[in-house]
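For reference, run.csv (CSV, C-alpha atoms):
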```csv
chain,number,residue,atom,x,y,z
J,935,ASP,CA,-13.5,13.0,-23.0
J,936,SER,CA,-14.9,16.3,-24.6
J,937,ILE,CA,-15.9,19.8,-23.7
J,938,ASP,CA,-19.6,18.8,-24.3
J,939,ASP,CA,-19.3,16.0,-21.7
J,940,ALA,CA,-17.5,18.2,-19.2
J,941,ASP,CA,-20.2,20.9,-19.8
J,942,ARG,CA,-22.6,18.8,-17.9
J,943,LEU,CA,-20.6,19.2,-14.7
J,944,ARG,CA,-20.5,23.0,-14.6
J,945,HIS,CA,-21.8,25.0,-11.8
J,946,GLY,CA,-25.5,25.6,-12.3
J,947,ALA,CA,-25.3,29.4,-12.9
J,948,MET,CA,-22.7,29.3,-15.6
J,949,ASP,CA,-25.2,29.4,-18.5
J,950,ARG,CA,-26.9,32.4,-16.9
J,951,ALA,CA,-23.6,34.4,-16.7
J,952,PHE,CA,-22.1,33.4,-20.0
J,953,GLY,CA,-23.2,32.3,-23.5
J,954,GLY,CA,-21.5,29.9,-25.9
J,955,VAL,CA,-19.2,27.0,-25.1
J,956,ARG,CA,-16.3,27.8,-22.7
J,957,ALA,CA,-13.6,25.7,-21.2
J,958,PRO,CA,-14.9,24.1,-18.0
J,959,SER,CA,-12.9,26.3,-15.6
J,960,THR,CA,-15.3,25.5,-12.8
J,961,LEU,CA,-15.0,21.8,-13.3
J,962,GLY,CA,-12.1,21.4,-10.9
J,963,THR,CA,-14.0,23.3,-8.2
J,964,PHE,CA,-16.9,20.9,-8.7
J,965,LEU,CA,-14.9,17.8,-8.5
J,966,ARG,CA,-12.9,18.9,-5.4
J,967,SER,CA,-16.2,19.4,-3.6
J,968,PHE,CA,-16.8,15.6,-3.5
J,969,SER,CA,-16.3,13.8,-0.2
J,970,HIS,CA,-15.7,10.1,0.5
J,971,GLY,CA,-19.5,9.7,0.9
J,972,HIS,CA,-20.0,10.9,-2.6
J,973,ASN,CA,-17.4,8.4,-3.8
J,974,ARG,CA,-19.3,5.6,-2.1
J,975,GLN,CA,-22.5,6.8,-3.8
J,976,LEU,CA,-20.8,6.7,-7.2
J,977,HIS,CA,-19.5,3.3,-6.4
J,978,ARG,CA,-23.0,2.1,-5.6
J,979,VAL,CA,-24.1,3.3,-9.1
J,980,HIS,CA,-21.2,1.4,-10.7
J,981,ARG,CA,-22.2,-1.7,-8.7
J,982,GLY,CA,-25.8,-1.4,-9.8
J,983,PHE,CA,-24.7,-0.9,-13.4
J,984,LEU,CA,-22.5,-4.0,-13.4
J,985,VAL,CA,-25.2,-6.2,-11.8
J,986,SER,CA,-27.7,-5.0,-14.3
J,987,LEU,CA,-25.3,-5.5,-17.3
J,988,ALA,CA,-24.5,-9.1,-16.1
J,989,ARG,CA,-28.2,-9.9,-15.9
J,990,ARG,CA,-28.9,-8.7,-19.4
J,991,THR,CA,-25.8,-9.8,-21.3
J,992,PRO,CA,-23.5,-12.8,-21.3
J,993,LEU,CA,-20.9,-10.8,-19.4
J,994,LEU,CA,-19.6,-13.7,-17.3
J,995,PRO,CA,-20.7,-16.9,-18.9
J,996,GLY,CA,-20.3,-19.9,-16.6
J,997,ALA,CA,-20.4,-17.8,-13.4
J,998,GLU,CA,-23.2,-20.0,-12.1
J,999,GLN,CA,-20.7,-22.8,-11.9
J,1000,VAL,CA,-17.3,-21.2,-11.1
J,1001,MET,CA,-16.2,-17.6,-10.7
J,1002,PHE,CA,-12.7,-16.4,-9.9
J,1003,ILE,CA,-12.3,-13.3,-7.8
J,1004,ASP,CA,-8.7,-11.9,-8.2
J,1005,ILE,CA,-7.5,-9.3,-5.7
J,1006,ASP,CA,-4.4,-7.2,-6.4
J,1007,PRO,CA,-3.1,-3.7,-5.7
J,1008,THR,CA,-1.1,-1.5,-7.9
J,1009,HIS,CA,0.7,1.9,-7.8
J,1010,ARG,CA,-0.1,4.7,-10.2
J,1011,ARG,CA,2.4,7.6,-10.3
J,1012,VAL,CA,0.9,11.1,-10.1
J,1013,TYR,CA,2.4,14.5,-10.2
J,1014,GLY,CA,1.9,17.6,-8.1
J,1015,HIS,CA,2.1,18.0,-4.3
J,1016,ALA,CA,-1.6,19.0,-3.9
J,1017,LYS,CA,-3.0,15.6,-4.9
J,1018,GLN,CA,-4.8,14.2,-1.9
J,1019,GLY,CA,-3.4,10.9,-0.7
J,1020,ALA,CA,-0.4,11.0,-3.2
J,1021,GLU,CA,2.7,10.0,-1.2
J,1022,VAL,CA,6.1,8.5,-1.7
J,1023,GLY,CA,5.8,4.9,-0.6
J,1024,ARG,CA,7.1,1.7,-2.0
J,1025,LEU,CA,8.3,3.3,-5.3
J,1026,LYS,CA,11.2,5.4,-4.0
J,1027,GLY,CA,11.2,8.9,-5.3
J,1028,GLN,CA,7.8,8.6,-7.0
J,1029,ARG,CA,4.6,10.0,-5.6
J,1030,THR,CA,1.8,7.5,-6.2
J,1031,LEU,CA,-1.7,6.6,-5.4
J,1032,HIS,CA,-2.4,3.0,-4.5
J,1033,PRO,CA,-5.6,1.5,-5.8
J,1034,ILE,CA,-6.7,-2.1,-5.0
J,1035,LEU,CA,-8.8,-3.9,-7.6
J,1036,ALA,CA,-11.0,-7.0,-7.7
J,1037,THR,CA,-11.7,-8.7,-11.0
J,1038,PHE,CA,-14.3,-11.3,-11.8
J,1039,SER,CA,-13.7,-14.0,-14.4
J,1040,THR,CA,-14.7,-17.6,-15.3
J,1041,PRO,CA,-12.9,-20.4,-17.2
J,1042,ILE,CA,-14.6,-19.0,-20.4
J,1043,ALA,CA,-14.8,-15.3,-19.7
J,1044,ARG,CA,-12.1,-12.6,-19.6
J,1045,PRO,CA,-11.7,-10.5,-16.4
J,1046,VAL,CA,-14.1,-7.7,-15.6
J,1047,ILE,CA,-13.3,-5.1,-12.9
J,1048,GLY,CA,-15.8,-5.6,-10.1
J,1049,ALA,CA,-14.6,-3.3,-7.4
J,1050,VAL,CA,-11.9,-0.7,-6.9
J,1051,ARG,CA,-10.8,1.2,-3.9
J,1052,LEU,CA,-8.2,4.0,-3.8
J,1053,ARG,CA,-5.7,4.2,-1.0
J,1054,ARG,CA,-2.9,6.6,0.0
J,1055,GLY,CA,0.4,6.0,-1.8
J,1056,LYS,CA,2.3,4.6,1.2
J,1057,ALA,CA,-0.6,2.5,2.4
J,1058,ALA,CA,0.3,-1.2,3.0
J,1059,ASP,CA,-0.8,-3.5,0.3
J,1060,VAL,CA,-3.2,-5.3,2.6
J,1061,ARG,CA,-4.8,-2.1,4.0
J,1062,GLY,CA,-8.6,-2.5,4.1
J,1063,ALA,CA,-8.3,-6.0,2.4
J,1064,GLU,CA,-10.8,-7.7,4.7
J,1065,SER,CA,-13.7,-5.3,4.0
J,1066,PHE,CA,-12.7,-5.0,0.4
J,1067,VAL,CA,-12.8,-8.8,-0.1
J,1068,ALA,CA,-16.2,-9.0,1.6
J,1069,GLU,CA,-17.5,-6.3,-0.7
J,1070,ALA,CA,-16.1,-7.9,-3.8
J,1071,LEU,CA,-17.6,-11.2,-2.9
J,1072,ALA,CA,-21.0,-9.6,-2.4
J,1073,ILE,CA,-20.8,-8.0,-5.8
J,1074,ALA,CA,-19.7,-11.2,-7.4
J,1075,LYS,CA,-22.7,-13.0,-6.0
J,1076,GLU,CA,-25.0,-10.3,-7.4
J,1077,THR,CA,-23.5,-10.5,-10.8
J,1078,GLY,CA,-24.3,-14.2,-11.1
J,1079,GLY,CA,-21.6,-16.0,-9.1
J,1080,SER,CA,-24.0,-18.5,-7.6
J,1081,GLY,CA,-21.7,-21.4,-7.8
J,1082,ILE,CA,-18.2,-21.8,-6.5
J,1083,ARG,CA,-16.5,-18.5,-5.9
J,1084,LEU,CA,-12.7,-18.7,-5.5
J,1085,VAL,CA,-10.7,-15.8,-4.2
J,1086,ARG,CA,-7.1,-15.7,-5.6
J,1087,ALA,CA,-4.4,-13.4,-4.3
J,1088,ASP,CA,-0.7,-13.3,-3.7
J,1089,SER,CA,1.2,-13.5,-0.4
J,1090,LYS,CA,0.4,-9.9,0.7
J,1091,PHE,CA,-3.2,-11.1,1.3
J,1092,TYR,CA,-2.3,-14.3,3.2
J,1093,THR,CA,-3.9,-13.2,6.4
J,1094,ALA,CA,-6.4,-14.7,8.8
J,1095,ASP,CA,-8.7,-11.7,8.2
J,1096,VAL,CA,-8.9,-12.3,4.5
J,1097,VAL,CA,-9.5,-16.0,4.9
J,1098,ALA,CA,-12.2,-15.2,7.5
J,1099,ALA,CA,-13.9,-12.8,5.0
J,1100,CYS,CA,-13.9,-15.5,2.4
J,1101,ARG,CA,-15.5,-18.1,4.7
J,1102,ARG,CA,-18.1,-15.7,6.0
J,1103,SER,CA,-19.2,-15.2,2.4
J,1104,GLY,CA,-19.3,-18.9,1.6
J,1105,ALA,CA,-16.3,-18.5,-0.8
J,1106,ARG,CA,-13.2,-20.5,-1.2
J,1107,PHE,CA,-9.6,-19.1,-1.2
J,1108,SER,CA,-6.3,-19.7,-2.9
J,1109,LEU,CA,-3.5,-17.6,-1.5
J,1110,THR,CA,0.2,-17.6,-2.1
J,1111,THR,CA,1.9,-17.9,1.3
J,1112,GLY,CA,5.6,-17.1,0.7
J,1113,MET,CA,8.2,-18.9,2.8
J,1114,ASN,CA,8.4,-18.8,6.6
J,1115,PRO,CA,9.7,-21.3,9.1
J,1116,SER,CA,6.3,-23.0,9.6
J,1117,ILE,CA,5.7,-23.4,5.9
J,1118,ALA,CA,9.3,-24.7,5.4
J,1119,ALA,CA,8.7,-27.2,8.2
J,1120,ALA,CA,5.5,-28.4,6.5
J,1121,ILE,CA,7.2,-28.8,3.1
J,1122,SER,CA,10.0,-30.8,4.7
J,1123,ARG,CA,7.4,-33.3,5.9
J,1124,ILE,CA,6.3,-34.1,2.3
J,1125,GLU,CA,7.5,-37.6,1.3
J,1126,GLU,CA,9.8,-37.6,-1.7
J,1127,ASP,CA,7.6,-40.0,-3.6
J,1128,ALA,CA,4.6,-37.7,-3.2
J,1129,TRP,CA,6.0,-35.2,-5.7
J,1130,VAL,CA,4.3,-35.4,-9.1
J,1131,PRO,CA,6.4,-34.3,-12.1
J,1132,ILE,CA,4.6,-32.1,-14.6
J,1133,ARG,CA,5.5,-30.3,-17.8
J,1134,TYR,CA,3.6,-27.2,-18.5
J,1135,PRO,CA,2.4,-26.8,-22.2
J,1136,ASP,CA,2.8,-23.1,-21.8
J,1137,ALA,CA,6.0,-22.0,-20.1
J,1138,PHE,CA,5.6,-19.5,-17.3
J,1139,VAL,CA,8.0,-16.9,-15.8
J,1140,ASP,CA,9.6,-17.9,-12.5
J,1141,PRO,CA,8.9,-15.0,-10.1
J,1142,ASP,CA,12.3,-15.5,-8.3
J,1143,THR,CA,14.6,-15.6,-11.3
J,1144,GLY,CA,12.7,-14.4,-14.3
J,1145,GLU,CA,13.5,-17.6,-16.2
J,1146,MET,CA,11.0,-19.4,-18.3
J,1147,VAL,CA,10.0,-22.6,-16.6
J,1148,SER,CA,8.4,-25.7,-18.3
J,1149,ASP,CA,9.2,-28.5,-15.8
J,1150,ALA,CA,8.3,-28.6,-12.1
J,1151,GLU,CA,7.0,-31.0,-9.4
J,1152,VAL,CA,3.9,-30.5,-7.3
J,1153,ALA,CA,2.8,-32.1,-4.0
J,1154,GLU,CA,0.4,-31.2,-1.2
J,1155,ILE,CA,0.1,-31.6,2.6
J,1156,GLU,CA,-2.5,-30.6,5.2
J,1157,TYR,CA,-1.5,-27.4,7.0
J,1158,THR,CA,-2.9,-25.3,9.8
J,1159,ALA,CA,-2.3,-21.6,9.3
J,1160,PHE,CA,-2.3,-18.6,11.7
J,1161,THR,CA,-1.4,-20.7,14.7
J,1162,GLY,CA,-0.4,-17.5,16.5
J,1163,ARG,CA,-4.1,-16.4,16.5
J,1164,LYS,CA,-6.7,-17.8,18.9
J,1165,LYS,CA,-8.1,-21.3,18.1
J,1166,SER,CA,-11.2,-20.1,16.4
J,1167,GLU,CA,-9.2,-18.1,13.9
J,1168,GLN,CA,-6.8,-20.9,12.9
J,1169,VAL,CA,-7.5,-22.5,9.6
J,1170,THR,CA,-6.7,-26.0,8.4
J,1171,ALA,CA,-6.6,-26.5,4.7
J,1172,ARG,CA,-4.4,-27.7,1.8
J,1173,LEU,CA,-0.8,-26.5,1.3
J,1174,ILE,CA,-0.1,-27.1,-2.4
J,1175,VAL,CA,3.6,-26.7,-3.3
J,1176,ARG,CA,5.3,-26.3,-6.7
J,1177,ARG,CA,9.0,-26.9,-6.7
J,1178,VAL,CA,11.4,-26.0,-9.5
J,1179,ARG,CA,15.0,-27.0,-9.8
J,1180,ARG,CA,17.5,-24.3,-8.7
J,1181,LEU,CA,20.2,-24.1,-11.3
J,1182,ASN,CA,23.6,-23.0,-10.2
J,1183,ASP,CA,25.3,-20.9,-12.9
J,1184,ASP,CA,28.6,-20.9,-11.1
J,1185,VAL,CA,29.1,-24.7,-11.4
J,1186,ALA,CA,32.1,-25.5,-13.7
J,1187,GLN,CA,31.2,-27.0,-17.0
J,1188,GLY,CA,30.8,-30.7,-16.8
J,1189,GLN,CA,30.7,-30.9,-13.0
J,1190,GLY,CA,27.7,-32.7,-11.7
J,1191,GLU,CA,25.6,-31.5,-8.7
J,1192,LEU,CA,26.1,-33.0,-5.3
J,1193,PHE,CA,22.4,-32.9,-4.5
J,1194,THR,CA,19.4,-31.2,-6.1
J,1195,ALA,CA,18.3,-27.8,-4.8
J,1196,TRP,CA,14.8,-26.5,-5.2
J,1197,ARG,CA,12.8,-23.3,-5.2
J,1198,TYR,CA,9.4,-23.7,-3.5
J,1199,HIS,CA,6.2,-21.9,-4.3
J,1200,PRO,CA,3.5,-22.8,-1.7
J,1201,VAL,CA,-0.2,-22.0,-2.0
J,1202,PHE,CA,-2.7,-22.2,0.9
J,1203,THR,CA,-6.2,-23.2,-0.4
J,1204,ASP,CA,-9.4,-24.9,0.4
J,1205,SER,CA,-10.2,-25.6,-3.2
J,1206,SER,CA,-12.0,-28.8,-3.9
J,1207,SER,CA,-10.3,-29.4,-7.2
J,1208,ALA,CA,-7.7,-32.0,-7.8
J,1209,MET,CA,-4.2,-31.0,-6.8
J,1210,LEU,CA,-2.8,-30.2,-10.3
J,1211,ASP,CA,-6.0,-28.4,-11.3
J,1212,ALA,CA,-5.9,-26.3,-8.1
J,1213,GLU,CA,-2.3,-25.4,-8.7
J,1214,LEU,CA,-3.1,-24.4,-12.3
J,1215,ASP,CA,-6.1,-22.4,-11.2
J,1216,HIS,CA,-4.0,-20.4,-8.8
J,1217,ARG,CA,-1.3,-19.6,-11.3
J,1218,ARG,CA,-4.0,-18.1,-13.5
J,1219,HIS,CA,-4.4,-15.4,-10.9
J,1220,ALA,CA,-2.0,-13.4,-13.1
J,1221,VAL,CA,-4.9,-12.6,-15.4
J,1222,VAL,CA,-5.7,-9.7,-13.1
J,1223,GLU,CA,-2.6,-8.0,-14.4
J,1224,GLN,CA,-4.3,-7.6,-17.8
J,1225,ALA,CA,-7.1,-5.6,-16.2
J,1226,ILE,CA,-4.6,-3.5,-14.3
J,1227,ALA,CA,-2.7,-2.8,-17.5
J,1228,ASP,CA,-5.9,-1.8,-19.2
J,1229,GLY,CA,-6.8,0.5,-16.3
J,1230,LYS,CA,-3.4,2.2,-16.4
J,1231,SER,CA,-3.9,3.0,-20.1
J,1232,GLY,CA,-7.5,4.2,-19.5
J,1233,PRO,CA,-9.2,5.5,-16.4
J,1234,LEU,CA,-6.1,5.2,-14.1
J,1235,ALA,CA,-4.2,7.4,-16.5
J,1236,HIS,CA,-6.5,10.3,-15.3
J,1237,MET,CA,-6.0,10.2,-11.6
J,1238,PRO,CA,-7.7,13.0,-9.6
J,1239,SER,CA,-6.2,16.4,-9.1
J,1240,GLY,CA,-5.8,18.1,-5.7
```
Since I need it in another form, could you write the structure as structure tokens?
Amino acid sequence: DSIDDADRLRHGAMDRAFGGVRAPSTLGTFLRSFSHGHNRQLHRVHRGFLVSLARRTPLLPGAEQVMFIDIDPTHRRVYGHAKQGAEVGRLKGQRTLHPILATFSTPIARPVIGAVRLRRGKAADVRGAESFVAEALAIAKETGGSGIRLVRADSKFYTADVVAACRRSGARFSLTTGMNPSIAAAISRIEEDAWVPIRYPDAFVDPDTGEMVSDAEVAEIEYTAFTGRKKSEQVTARLIVRRVRRLNDDVAQGQGELFTAWRYHPVFTDSSSAMLDAELDHRRHAVVEQAIADGKSGPLAHMPSG
């Protein structure tokens, strides 16, 4: 963040040819000489620093009991056509890079960025997720996550490969599934008296409508996912479903509803927590957005040049 700092990155012969402090005109040349292998070396330094910090400070208190590993991608707009990997992808008309992040947190510790990987702007959200989740879980264990490690992610990461990576590492998973015919059929098998009404002390934003929601109902059923894969890759676990009443704004004033319609938000998890606790834990996945917002105001505000 200063000329003095950047001066450390000059080409070695600069001080022989020139005296005094000069703008680091050779800094870009130096940075562009890095390869992916150099990036991995730098990542290893970051990993070692994080592990060392966690051992010497109360960085993640409670990690020996429960640690949450939240996975989420984001897009960062960049400018200039020479930027390597910058492409127009999901954000139409905007050239972006597409980092994926993993944050570590506990019930009593705010999220800490544990791993980051940069992808091309038009890369799919799930690109490289299996190896990234495995790497994040290894780092989480080194930073003190010796108890329950729960991987939380949204529906983009609801894949057999991500679940397999969690199970190989001895971690649990909690993944939003979205709706598909198989999920809908499973929800239809839930008995009406199995739904537990709940009122959230802190209202949350419904992802479908943007409305603030305080009342909902929750139920669960056993579900086998990825039935299109071979038998060894299919996973049977809990399908925890939150349903919220669907309000019809077009109904005339004073006219009652013929039957109640619902919006469903299913989560596939092997969490050992009670149903309402497991559902609450999953909704707290949104804490990763705080780390992403901090990153976009800090290091991600200075994305690499061409």
Computed gap from CA of Leu1031 (chain J) to CA of Cys1100 (chain J) is 26.4 Å
Atomic separation - CA of Arg1217 (chain J) relative to CA of Val1201 (chain J), Å: 9.7 Å
Counting all atoms listed in the file, which residues come within 7 Å of (-7.1, -4.1, -3.6), with the point read in the file's coordinates, and could you list them as a compact mmCIF listing (two decimals) with C-alpha atoms, keeping the file's coordinate frame?
```
# COMPACT_ATOMS: atom_id res chain seq x y z
CA ILE J 1005 -7.50 -9.30 -5.70
CA ASP J 1006 -4.40 -7.20 -6.40
CA PRO J 1007 -3.10 -3.70 -5.70
CA PRO J 1033 -5.60 1.50 -5.80
CA ILE J 1034 -6.70 -2.10 -5.00
CA LEU J 1035 -8.80 -3.90 -7.60
CA ALA J 1036 -11.00 -7.00 -7.70
CA VAL J 1050 -11.90 -0.70 -6.90
CA ARG J 1051 -10.80 1.20 -3.90
CA ALA J 1063 -8.30 -6.00 2.40
CA PHE J 1066 -12.70 -5.00 0.40
```
Write out as a list in words which residues come within 12 Å of Glu1076 (chain J) when counting all atoms listed in the file, dropping same-chain ones fewer than 6 positions away. Arg981, Gly982, Phe983, Leu984, Val985, Ser986, Leu987, Ala988, Arg989, Leu994, Ala997, Glu998, Met1001, Phe1038, Gly1048, Glu1069, Ala1070 and Arg1083 of chain J
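Using all atoms listed in the file for every distance, the candidate list J:Glu1167, J:Asp1211, J:Asp1004, J:Glu1145 yields J:Asp1004 as the residue closest to Arg1086 (chain J).
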Residue among J:Val1046, J:Ala1153, J:Leu1025, J:Ala1098 lying closest to Ser1065 (chain J), counting all atoms listed in the file: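 Result for the nearest residue to Ser1065 (chain J): J:Ala1098.
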